[in-house]
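Heads up, the thing below is written out as structure tokens.
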Amino acid sequence: MPSALPDGEPVPDDGALPAHALTGAADRPLGFYLHVPYCATRCGYCDFNTYTATELRGTGGVLASRDNYADTLIDEIRLARKVLGDDPREVRTVFVGGGTPTLLAAGDLVRMLGAIRDEFGLAADAEVTTEANPESVDPSYLATLRAGGFNRISFGMQSARQHVLRILDRTHTPGRPEACVAEARAAGFEHVNLDLIYGTPGESDDDWRASLEAALGAGPDHVSAYALIVEEGTQLARRIRRGEIPMTDDDVHADRYLIADEVMSAAGYDWYEVSNWATSPSARCLHNELYWRGADWWGAGPGAHSHVGGVRWWNVKHPGAYATALAAGRSPGAGRELLSEEDRRVERVLLELRLREGVPLDLLREEGLKAARRALTDGLLAQGPYDDGRAVLTLRGRLLADAVVRDLVD
């Protein structure tokens with residue numbers, strides 16, 4: 001029987017969607033997220049749905065193995081084709097994330113992409129991204145990915161300082177991510193991203209500036225910079241609770257963000273989402289823009305989330321349970337929810353306000369419009385876009401984005 005989480009309804013065994021979700025689907029962009037849940041080691045700050053080999057031992061045998069994981073995920077891609085129907089609908093973006101996707105053989109990632117191409121077709125200008133840990137790739141691996149159709153890659157750099165990497169339990173050495181950028185360029189990747197984290201306990205302003213300068217010096221065309229969030233249940237949270245390392249406060253996070261924007265702006269990187277900077281519009285992550293703009297995407301893999309036409313669903317989390325469902329010909333969906341028009345309006349405000357283009361003021365209710373006027377007076381929204389009917393965050397507004405958006409959704 002299909003199962004559901006407490007806040008969702010069951011997903012049918014065949015994964016079928018309500019008819020209204022597919023109405024007009026051919027006119028909406030479609031992306032695929034492919035989740036690879038395997039990691040060599042668990043980083044102390046991570047609460048993603050990931051598993052090390054030790055954690056999977058004895059919990060599913062071959063069904064939980066990464067050796068045949070690509071075949072299992074391809075089964076879900078084929079299920080997606082059945083659920084979404086036969087209307088022509090090319091895929092605009094593919095994003096392989098994790099976990100560490102590059103723990104799989106490069107040929108496995110290429111086969112997963114090939115299944116999407118075979119079942120749906122890829123748009124001529126499709127963006128195809130994989131995340132990668134710096135220590136899990138080499139020039140040969142990158143060349144195989146590029147020849148197989150990947151044209152964008154995102155490396156987890158986090159920091160250029162060894163003591164910061166140590167706190168985060170990252171295993172790569174300083175300098176390796178920068179070398180990976182050069183190797184990816186040599187392999188023919190048009191677009192390369194580096195992920196950075198600021199606010200790690202023990203990190204100084206000078207450490208953060210050094211990380212930014214090292215990242216930009218490597219020449220990626222996209223940089224993501226995220227404040228460290230200490231999630232309950234992680235090793236990092238336990239260490240902070242025991243008093244082994246200090247917690248970084250919000251004022252430090254704000255200072256680090258201002259440093260990031262200053263350094264990246266001076267180097268020719270423009271922000272287009274609160275945590276993301278790119279050298280040009282073509283360097284933006286188109287897949288993430290699908291999320292931020294409420295488009296359609298199918299998330300394949302354990303714990304992956306999907307959204308099509310106002311229906312959102314999520315898969316069972318454990319790789320063994322995921323593989324078992326697909327082997328039995330059932331959807332791996334654990335639960336779903338049908339979004340009302342008001343749900344979708346609120347989500348648009350929540351997500352689009354974080355973008356450089358902002359959110360149309362006509363999406364706001366009366367209380368939200370009042371809050372927007374207050375935010376304008378307080379210097380949190382830009383005057384010019386406001387006069388043109390859009391709420392766009394200023395630099396100060398970006399520092400307080402969560403608070404601003406809470407007011408605007410009322």
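Identifiers in this document derive from the order of the structure tokens: chains are assigned A, B, ..., residues are numbered from 1 separately in each chain, and ligands are numbered from 1 in order of occurrence.
DSSP secondary structure from the backbone places Asp270, Trp271, Tyr272, Glu273, Asn276, Trp277, Ala278, Asp296, Trp297, Trp298, Gly299, Ala300, His305, Ser306, His307 and Val308 of chain A of region 255-309 of chain A in strand (DSSP E or B).
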Just the residues within 9 Å of region 102-113 of chain A, please, counting only C-alpha atoms, with nothing from its chain fewer than 4 positions along; format it as a PyMOL selection string. chain A and resi 34+36+38-40+66-71+73-74+77+94+96+117-118+128+130-133+136-137+141-142+144-145+147-150
When DSSP is applied to the backbone of this structure, which of region 73-261 of chain A are assigned helix (DSSP H, G or I)? Write them out as a PyMOL selection string. chain A and resi 73-84+101-103+106-119+134-136+139-147+162-168+176-187+205-217+235-241+250-261
Compile a residue-level contact table for region 319-393 of chain A against region 289-300 of chain A at a cut-off of 9 Å, reporting for every qualifying residue the shortest atom pair and its distance in Å to one decimal, with only C-alpha atoms counted, rows ordered by chain and ascending number, as a Markdown table.
| residue | atom | partner | partner_atom | distance |
| --- | --- | --- | --- | --- |
| A:Arg344 | CA | A:Gly294 | CA | 8.1 |
| A:Glu347 | CA | A:Gly294 | CA | 7.9 |
| A:Arg348 | CA | A:Arg293 | CA | 6.8 |
| A:Leu350 | CA | A:Trp292 | CA | 8.8 |
| A:Leu351 | CA | A:Trp292 | CA | 5.2 |
| A:Glu352 | CA | A:Trp292 | CA | 6.0 |
| A:Arg354 | CA | A:Trp292 | CA | 8.4 |
| A:Leu355 | CA | A:Trp292 | CA | 8.0 |
Contacts of Tyr272 (chain A) at 9 Å or less, counting only C-alpha atoms, minus same-chain residues fewer than 6 places along, as a ChimeraX atom specification? /A:278,281,284,354-357
Nearest to Asp125 (chain A) by atom-to-atom distance, counting only C-alpha atoms, from A:Thr324, A:Leu286, A:Asp195, A:Tyr269: A:Leu286
If we count only C-alpha atoms, what is near Gly156 (chain A) at a cut-off of 12 Å, once residues fewer than 5 positions away on the same chain are taken out, given as a PyMOL selection string? chain A and resi 43+97-102+130-137+165+168+170-174+176-178+180-181+192-197+215+223-226
Nearest to Val349 (chain A): which of A:Leu326, A:Val409, A:Gly8, A:Val392 is it, counting only C-alpha atoms? A:Val409
Within 10 Å of Glu90 (chain A) using only C-alpha atoms, minus same-chain residues under 3 positions, as a PyMOL selection string: chain A and resi 26+28-31+87+93+116-117+119-124+126
So, counting only C-alpha atoms, which residue among A:Val263, A:Ala186, A:Met247, A:Ile153 is closest to Ala210 (chain A)?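 Looking at the shortest contact to Ala210 (chain A), the residue is A:Val263.
Considering the residues A:Leu369, A:Asp388, A:Glu203, A:Thr394 and counting only C-alpha atoms, Asp410 (chain A) has its shortest atom-to-atom contact with A:Leu369.
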Nearest candidate to Met157 (chain A) (options A:Pro139, A:Ala321, A:Tyr198, A:Trp313; using only C-alpha atoms):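 So, comparing all the options, the nearest one is A:Tyr198.
The gap separating CA of Leu258 (chain A) from CA of Asp378 (chain A) is 18.2 Å, in Å to one decimal.
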Nearby residues (only C-alpha atoms) at most 12 Å from Ala260 (chain A), same-chain spacing under 3 positions excluded, as a short mmCIF file (atom, residue, chain, number, x, y, z; two decimals) with C-alpha atoms, in the first residue's frame:
data_model
loop_
_atom_site.label_atom_id
_atom_site.label_comp_id
_atom_site.auth_asym_id
_atom_site.auth_seq_id
_atom_site.Cartn_x
_atom_site.Cartn_y
_atom_site.Cartn_z
CA LEU A 196 31.32 28.60 -0.12
CA ILE A 197 30.14 28.62 3.50
CA TYR A 198 30.64 31.53 5.88
CA GLY A 199 30.21 31.78 9.64
CA ASP A 205 37.02 37.98 8.60
CA ASP A 206 40.49 37.49 7.12
CA ASP A 207 39.81 33.77 6.64
CA TRP A 208 36.59 34.59 4.81
CA ARG A 209 38.26 37.17 2.58
CA ALA A 210 40.99 34.66 1.76
CA SER A 211 38.39 32.09 0.77
CA LEU A 212 36.58 34.56 -1.47
CA GLU A 213 39.80 35.67 -3.13
CA ALA A 215 37.55 31.15 -5.19
CA LEU A 216 37.40 34.15 -7.51
CA VAL A 223 29.76 31.46 -6.82
CA SER A 224 27.27 30.47 -4.13
CA ALA A 225 27.88 31.68 -0.58
CA TYR A 226 25.73 30.36 2.25
CA ALA A 227 25.66 31.17 5.96
CA HIS A 253 26.93 36.33 9.47
CA ALA A 254 25.76 39.78 8.37
CA ASP A 255 29.32 41.13 8.32
CA ARG A 256 30.51 38.15 6.27
CA TYR A 257 27.68 38.63 3.79
CA VAL A 263 34.47 41.36 -2.91
CA MET A 264 32.36 39.66 -5.57
CA SER A 265 30.86 42.88 -6.90
CA ALA A 266 34.35 44.37 -7.25
CA ALA A 267 35.39 41.28 -9.23
CA TYR A 269 30.08 39.07 -10.11
CA ASP A 270 26.48 40.30 -9.81
CA TRP A 271 24.00 38.90 -7.29
CA VAL A 274 20.41 36.40 -2.18
CA SER A 275 23.09 33.68 -1.92
CA ASN A 276 24.22 33.49 -5.55
CA TRP A 277 26.47 35.60 -7.79
CA LEU A 395 21.62 45.27 0.12
CA LEU A 399 20.58 40.97 5.13
#
Can you measure CA of Phe95 (chain A) to CA of Phe32 (chain A) for me? One decimal in Å is fine. 6.3 Å
For Arg374 (chain A): contacts at 10 Å, only C-alpha atoms, fewer than 6 positions along chain excluded, given as a PDB file with C-alpha atoms, in the first residue's frame:
ATOM      1  CA  GLY A 368       1.596  42.823   2.684  1.00  0.00           C
ATOM      2  CA  LEU A 380      14.879  47.438   2.756  1.00  0.00           C
ATOM      3  CA  LEU A 381      13.243  47.741  -0.691  1.00  0.00           C
ATOM      4  CA  VAL A 404      11.012  41.108   5.104  1.00  0.00           C
ATOM      5  CA  ASP A 407       5.904  40.640   6.602  1.00  0.00           C
TER       6      ASP A 407
END
